[in-house]
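The file run-v7.cif comes next; it holds mmCIF, C-alpha atoms.
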data_input
loop_
_atom_site.label_atom_id
_atom_site.label_comp_id
_atom_site.auth_asym_id
_atom_site.auth_seq_id
_atom_site.Cartn_x
_atom_site.Cartn_y
_atom_site.Cartn_z
CA MET J 1372 0.00 0.00 0.00
CA GLU J 1373 1.38 3.39 -0.97
CA LYS J 1374 1.52 6.52 1.17
CA LEU J 1375 1.78 10.14 0.12
CA MET J 1376 4.18 12.57 1.78
CA LYS J 1377 5.00 16.20 1.18
CA PRO J 1378 8.50 16.83 -0.24
CA ALA J 1379 9.46 18.84 2.85
CA GLU J 1380 8.37 16.04 5.20
CA TYR J 1381 10.18 13.43 3.16
CA ALA J 1382 13.37 15.51 3.09
CA LYS J 1383 13.22 16.11 6.84
CA GLU J 1384 12.74 12.44 7.61
CA LEU J 1385 15.69 11.38 5.46
CA GLY J 1386 17.87 14.29 6.58
CA ILE J 1387 18.36 15.74 3.10
CA SER J 1388 17.39 19.03 1.47
CA ARG J 1389 14.22 19.66 -0.48
CA GLN J 1390 16.32 20.45 -3.56
CA ALA J 1391 17.75 16.94 -3.37
CA VAL J 1392 14.23 15.49 -3.17
CA TYR J 1393 13.15 17.46 -6.28
CA ALA J 1394 16.29 16.32 -8.07
CA LYS J 1395 15.41 12.69 -7.30
CA ILE J 1396 11.90 13.24 -8.67
CA LYS J 1397 13.32 14.80 -11.82
CA ARG J 1398 15.69 11.85 -12.33
CA GLY J 1399 12.96 9.31 -11.75
CA ILE J 1400 14.45 7.97 -8.52
CA LEU J 1401 11.34 8.98 -6.60
CA THR J 1402 7.73 8.71 -7.75
CA ALA J 1403 5.55 11.80 -7.30
CA LYS J 1404 1.84 12.57 -7.74
CA ASN J 1405 -0.03 15.81 -8.25
CA VAL J 1406 -3.07 15.89 -5.99
CA ASP J 1407 -5.33 18.97 -6.07
CA GLY J 1408 -2.50 21.03 -7.51
CA LYS J 1409 0.04 19.92 -4.85
CA LEU J 1410 3.03 17.63 -5.31
CA TYR J 1411 3.35 14.52 -3.09
CA ILE J 1412 5.97 11.79 -2.86
CA VAL J 1413 4.66 8.24 -3.25
CA VAL J 1414 6.14 6.20 -0.38
CA ASP J 1415 5.93 2.40 -0.13
CA ASN J 1416 4.94 1.44 3.45
CA ARG J 1417 7.18 -1.63 3.37
CA ASN J 1418 10.20 0.44 2.37
CA LYS J 1419 9.18 3.02 4.91
CA ALA J 1420 9.16 0.40 7.67
CA GLU J 1421 12.60 -0.81 6.62
CA GLU J 1422 14.01 2.74 6.71
CA THR J 1423 12.50 3.27 10.17
CA ALA J 1424 13.93 -0.03 11.40
CA VAL J 1425 17.39 0.91 10.13
CA LYS J 1426 17.22 4.21 12.02
CA THR J 1427 15.97 2.46 15.19
CA ASP J 1428 18.65 -0.21 15.04
CA THR J 1429 21.30 2.43 14.48
CA ALA J 1430 20.16 4.30 17.57
CA LYS J 1431 20.35 1.19 19.81
CA PRO J 1432 23.70 0.05 21.25
CA LYS J 1433 25.17 -2.86 19.25
CA PRO J 1434 27.03 -5.83 20.64
CA ALA J 1435 30.71 -6.07 19.94
CA ARG J 1436 30.27 -8.80 17.27
CA ALA J 1437 27.87 -6.55 15.29
CA THR J 1438 30.33 -3.66 15.04
CA ALA J 1439 31.39 -4.53 11.50
CA SER J 1440 27.76 -4.57 10.32
CA ALA J 1441 27.08 -1.23 12.02
CA SER J 1442 30.14 0.28 10.36
CA GLN J 1443 28.93 -0.88 6.96
CA SER J 1444 25.50 0.60 7.66
CA ARG J 1445 27.05 3.92 8.66
CA ALA J 1446 29.23 3.88 5.58
CA LYS J 1447 26.15 3.42 3.40
CA GLU J 1448 24.42 6.29 5.19
CA TYR J 1449 27.44 8.53 4.62
CA GLU J 1450 27.47 7.60 0.95
CA PHE J 1451 23.79 8.40 0.73
CA LEU J 1452 24.31 11.78 2.43
CA LEU J 1453 27.24 12.61 0.15
CA ALA J 1454 25.16 11.74 -2.90
CA ALA J 1455 22.33 13.92 -1.61
CA LYS J 1456 24.82 16.74 -1.02
CA ASP J 1457 26.13 16.46 -4.58
CA GLU J 1458 22.60 16.52 -5.93
CA THR J 1459 21.80 19.60 -3.85
CA ILE J 1460 24.94 21.38 -5.10
CA SER J 1461 24.04 20.46 -8.68
CA VAL J 1462 20.53 21.87 -8.30
CA LEU J 1463 21.86 25.07 -6.70
CA LYS J 1464 24.39 25.55 -9.49
CA GLY J 1465 21.60 25.24 -12.05
CA THR J 1466 19.50 27.76 -10.15
CA VAL J 1467 22.38 30.26 -9.96
CA LYS J 1468 23.02 29.86 -13.68
CA ASP J 1469 19.36 30.55 -14.50
CA LEU J 1470 19.37 33.64 -12.25
CA LYS J 1471 22.48 35.01 -13.94
CA LYS J 1472 20.86 34.51 -17.34
CA SER J 1473 17.65 36.25 -16.22
CA ASN J 1474 19.58 39.20 -14.73
CA LYS J 1475 21.55 39.61 -17.93
CA GLN J 1476 18.34 39.70 -20.01
CA ILE J 1477 16.79 42.27 -17.64
CA SER J 1478 19.91 44.47 -17.79
CA THR J 1479 19.93 44.34 -21.60
CA THR J 1480 16.24 45.30 -21.77
CA LEU J 1481 16.67 48.21 -19.35
CA LYS J 1482 19.71 49.51 -21.25
CA GLY J 1483 17.72 49.46 -24.50
CA GLU J 1484 14.83 51.38 -22.93
CA ILE J 1485 17.20 54.00 -21.46
CA ASP J 1486 18.82 54.52 -24.88
CA LEU J 1487 15.38 55.02 -26.47
CA LEU J 1488 14.46 57.61 -23.83
CA LYS J 1489 17.72 59.50 -24.45
CA GLU J 1490 17.06 59.59 -28.21
CA ALA J 1491 13.48 60.79 -27.66
CA PHE J 1492 14.71 63.54 -25.31
CA HIS J 1493 17.27 64.82 -27.84
CA GLU J 1494 14.65 64.87 -30.62
CA MET J 1495 12.19 66.80 -28.45
CA ARG J 1496 14.87 69.32 -27.48
CA ASN J 1497 15.83 69.89 -31.13
CA LEU J 1498 12.19 70.44 -32.09
CA TYR J 1499 11.77 72.93 -29.24
CA VAL J 1500 14.84 74.90 -30.36
CA LEU J 1501 13.55 75.02 -33.95
CA GLN J 1502 10.17 76.32 -32.77
CA LEU J 1503 11.82 79.06 -30.72
CA GLU J 1504 13.95 80.14 -33.66
CA HIS J 1505 10.89 80.21 -35.91
CA LYS J 1506 8.96 82.40 -33.45
CA GLU J 1507 11.90 84.80 -33.11
CA GLN J 1508 12.08 85.15 -36.87
CA GLU J 1509 8.38 85.94 -37.01
CA ALA J 1510 8.59 88.39 -34.10
CA ILE J 1511 11.61 90.39 -35.33
CA GLU J 1512 11.47 91.57 -38.93
CA VAL J 1513 14.75 92.67 -40.35
CA ILE J 1514 13.96 95.71 -42.43
CA SER J 1515 16.60 96.27 -45.06
CA GLU J 1516 17.45 99.71 -46.47
CA GLU J 1517 15.82 98.86 -49.80
CA GLU J 1518 12.54 97.93 -48.12
CA SER J 1519 12.57 101.14 -46.04
CA VAL J 1520 12.99 103.21 -49.22
CA GLU J 1521 9.94 101.59 -50.78
CA ILE J 1522 7.77 102.47 -47.77
CA VAL J 1523 5.74 105.53 -48.58
CA GLU J 1524 3.21 105.78 -45.76
CA GLU J 1525 3.99 105.38 -42.09
CA LYS J 1526 2.03 102.68 -40.25
CA TRP J 1527 1.20 103.54 -36.67
CA VAL J 1528 -0.41 100.90 -34.45
CA SER J 1529 -1.45 100.69 -30.82
CA VAL J 1530 0.82 99.06 -28.24
CA LYS J 1531 -1.59 96.13 -28.01
CA LYS J 1532 -1.30 95.43 -31.75
CA PHE J 1533 2.44 95.93 -31.53
CA PHE J 1534 2.70 93.23 -28.86
CA LYS J 1535 0.61 90.89 -31.00
CA LYS J 1536 2.82 91.62 -34.00
CA ILE J 1537 6.06 90.71 -32.23
CA GLY J 1538 4.51 87.75 -30.37
CA ILE J 1539 4.56 89.06 -26.80
CA THR J 1540 1.53 87.50 -25.09
CA LYS J 1541 2.49 87.08 -21.44
CA GLU J 1542 1.49 89.82 -19.03
CA LYS J 1543 4.90 90.13 -17.39
CA GLN J 1544 6.61 90.44 -20.76
CA GLN J 1545 4.13 93.10 -21.84
CA GLU J 1546 4.71 95.10 -18.66
CA LYS J 1547 8.48 94.96 -19.15
CA MET J 1548 8.18 96.01 -22.81
CA MET J 1549 5.77 98.84 -21.90
CA LYS J 1550 8.38 100.32 -19.57
CA ARG J 1551 10.91 100.24 -22.40
CA LEU J 1552 8.48 101.93 -24.78
CA LYS J 1553 7.74 104.76 -22.33
CA LYS J 1554 11.45 105.29 -21.69
CA ALA J 1555 12.19 105.31 -25.43
CA HIS J 1556 9.38 107.82 -26.04
CA LYS J 1557 10.80 110.16 -23.41
CA SER J 1558 14.19 109.84 -25.14
CA GLY J 1559 12.57 111.08 -28.38
CA GLU J 1560 12.67 107.88 -30.45
CA GLU J 1561 11.07 108.49 -33.85
CA TYR J 1562 9.20 105.20 -33.96
CA LEU J 1563 7.06 106.22 -30.97
CA MET J 1564 4.37 108.85 -30.59
CA LYS J 1565 1.37 109.74 -28.44
CA GLU J 1566 -2.05 110.23 -29.93
CA GLU J 1567 -4.92 111.30 -27.66
CA GLY J 1568 -2.79 110.35 -24.68
CA LYS J 1569 -2.13 106.81 -25.94
CA LEU J 1570 1.25 105.51 -27.02
CA LYS J 1571 1.58 104.27 -30.61
CA VAL J 1572 4.38 102.46 -32.46
CA ASN J 1573 5.46 102.96 -36.06
CA LEU J 1574 5.92 99.52 -37.59
CA ASN J 1575 7.80 100.93 -40.57
CA LYS J 1576 10.66 102.11 -38.38
CA ASN J 1577 13.53 100.04 -37.03
CA TYR J 1578 12.76 98.99 -33.44
CA ARG J 1579 15.15 96.06 -33.21
CA GLU J 1580 17.19 97.80 -30.54
CA LEU J 1581 14.09 97.85 -28.36
CA LEU J 1582 13.80 94.05 -28.44
CA LYS J 1583 17.34 93.28 -27.37
#

Can you give me the file's structure in the form of structure tokens?
Amino acid sequence: MEKLMKPAEYAKELGISRQAVYAKIKRGILTAKNVDGKLYIVVDNRNKAEETAVKTDTAKPKPARATASASQSRAKEYEFLLAAKDETISVLKGTVKDLKKSNKQISTTLKGEIDLLKEAFHEMRNLYVLQLEHKEQEAIEVISEEESVEIVEEKWVSVKKFFKKIGITKEKQQEKMMKRLKKAHKSGEEYLMKEEGKLKVNLNKNYRELLK
């Protein structure tokens, strides 16, 4: 009649590690069953009784004439323990090898993702720089001498339209620019004038110095 034991119980009773028990199952030395999703060792009761008897006899004091037999029994037990130790070491080596392989794969994957993030960051930064340059070109018109000669009529606009023309939308920037405009008007700059108490800007004049 067979009996089922958990791998941990079986290992404890024989004095070996659980890894050694799993190694024996893998090699076909031990028979195992899967019951309700759990693994059990199939133990023969007759063999179990013999193992128990060997342990009991070993624990009892032997007569002098049985010393040779006891020594042989101990030698077999030592051989069994050494074999179990070798199996345990073999299993542990395999586990360490698998872990090293997994860690290497994880490191490679992480390195690839970090490289992709770096590339994406550089591309975004380049796009941002291009956008800034484009806005600056739209905000500041370089009026050449030939273009100024062709201008016949002066074009005066309000400060609000001037800000919109050069792309100044934030309130703080507008306040800062307004201070510059007032100071420039007091200095007598020709591209500024007051009409009905309101400051106006001549777009046909060169106001690049004001934007620096």

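Pairwise distance (CA of Tyr1562 in chain J, CA of Lys1576 in chain J) equals 5.6 Å.
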
Close residues, Arg1389 in chain J itself excluded, 12 Å, all atoms listed in the file, min 2 positions apart in chain, as number ranges by chain: J: 1377-1387, 1391-1396, 1412, 1455-1456, 1458-1460, 1462-1463

Export of prior selection with C-alpha atoms as an mmCIF file, in the coordinates of the input:
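What ended up in selection13.cif:
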data_model
loop_
_atom_site.group_PDB
_atom_site.id
_atom_site.type_symbol
_atom_site.label_atom_id
_atom_site.label_comp_id
_atom_site.auth_asym_id
_atom_site.auth_seq_id
_atom_site.Cartn_x
_atom_site.Cartn_y
_atom_site.Cartn_z
ATOM 1 C CA LYS J 1377 5.000 16.200 1.180
ATOM 2 C CA PRO J 1378 8.500 16.830 -0.240
ATOM 3 C CA ALA J 1379 9.460 18.840 2.850
ATOM 4 C CA GLU J 1380 8.370 16.040 5.200
ATOM 5 C CA TYR J 1381 10.180 13.430 3.160
ATOM 6 C CA ALA J 1382 13.370 15.510 3.090
ATOM 7 C CA LYS J 1383 13.220 16.110 6.840
ATOM 8 C CA GLU J 1384 12.740 12.440 7.610
ATOM 9 C CA LEU J 1385 15.690 11.380 5.460
ATOM 10 C CA GLY J 1386 17.870 14.290 6.580
ATOM 11 C CA ILE J 1387 18.360 15.740 3.100
ATOM 12 C CA ALA J 1391 17.750 16.940 -3.370
ATOM 13 C CA VAL J 1392 14.230 15.490 -3.170
ATOM 14 C CA TYR J 1393 13.150 17.460 -6.280
ATOM 15 C CA ALA J 1394 16.290 16.320 -8.070
ATOM 16 C CA LYS J 1395 15.410 12.690 -7.300
ATOM 17 C CA ILE J 1396 11.900 13.240 -8.670
ATOM 18 C CA ILE J 1412 5.970 11.790 -2.860
ATOM 19 C CA ALA J 1455 22.330 13.920 -1.610
ATOM 20 C CA LYS J 1456 24.820 16.740 -1.020
ATOM 21 C CA GLU J 1458 22.600 16.520 -5.930
ATOM 22 C CA THR J 1459 21.800 19.600 -3.850
ATOM 23 C CA ILE J 1460 24.940 21.380 -5.100
ATOM 24 C CA VAL J 1462 20.530 21.870 -8.300
ATOM 25 C CA LEU J 1463 21.860 25.070 -6.700
#

Give me the residues near Val1530 in chain J as a PyMOL selection string, where near means some atom within 8 Å (using all atoms listed in the file) and where sequence neighbours in that chain fewer than 2 positions away do not count. chain J and resi 1528+1532-1534+1570-1572

Atoms kept (C-alpha atoms) for selection, written as a short mmCIF file (atom, residue, chain, number, x, y, z; two decimals), keeping the file's coordinate frame:
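Produced file out03.cif, reproduced below:
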data_model
loop_
_atom_site.label_atom_id
_atom_site.label_comp_id
_atom_site.auth_asym_id
_atom_site.auth_seq_id
_atom_site.Cartn_x
_atom_site.Cartn_y
_atom_site.Cartn_z
CA VAL J 1528 -0.41 100.90 -34.45
CA LYS J 1532 -1.30 95.43 -31.75
CA PHE J 1533 2.44 95.93 -31.53
CA PHE J 1534 2.70 93.23 -28.86
CA LEU J 1570 1.25 105.51 -27.02
CA LYS J 1571 1.58 104.27 -30.61
CA VAL J 1572 4.38 102.46 -32.46
#

Using all atoms listed in the file: which of J:Lys1557, J:Lys1536, J:Arg1398, J:His1505 has the shortest distance to Asn1573 in chain J: J:Lys1536

Using Å and a single decimal, report how far CA of Gln1476 in chain J sits from CA of His1493 in chain J.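 Spanning CA of His1493 in chain J to CA of Gln1476 in chain J is a straight-line distance of 26.3 Å.
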
One decimal place gives the CA of Ala1491 in chain J-CA of Glu1507 in chain J separation as 24.7 Å
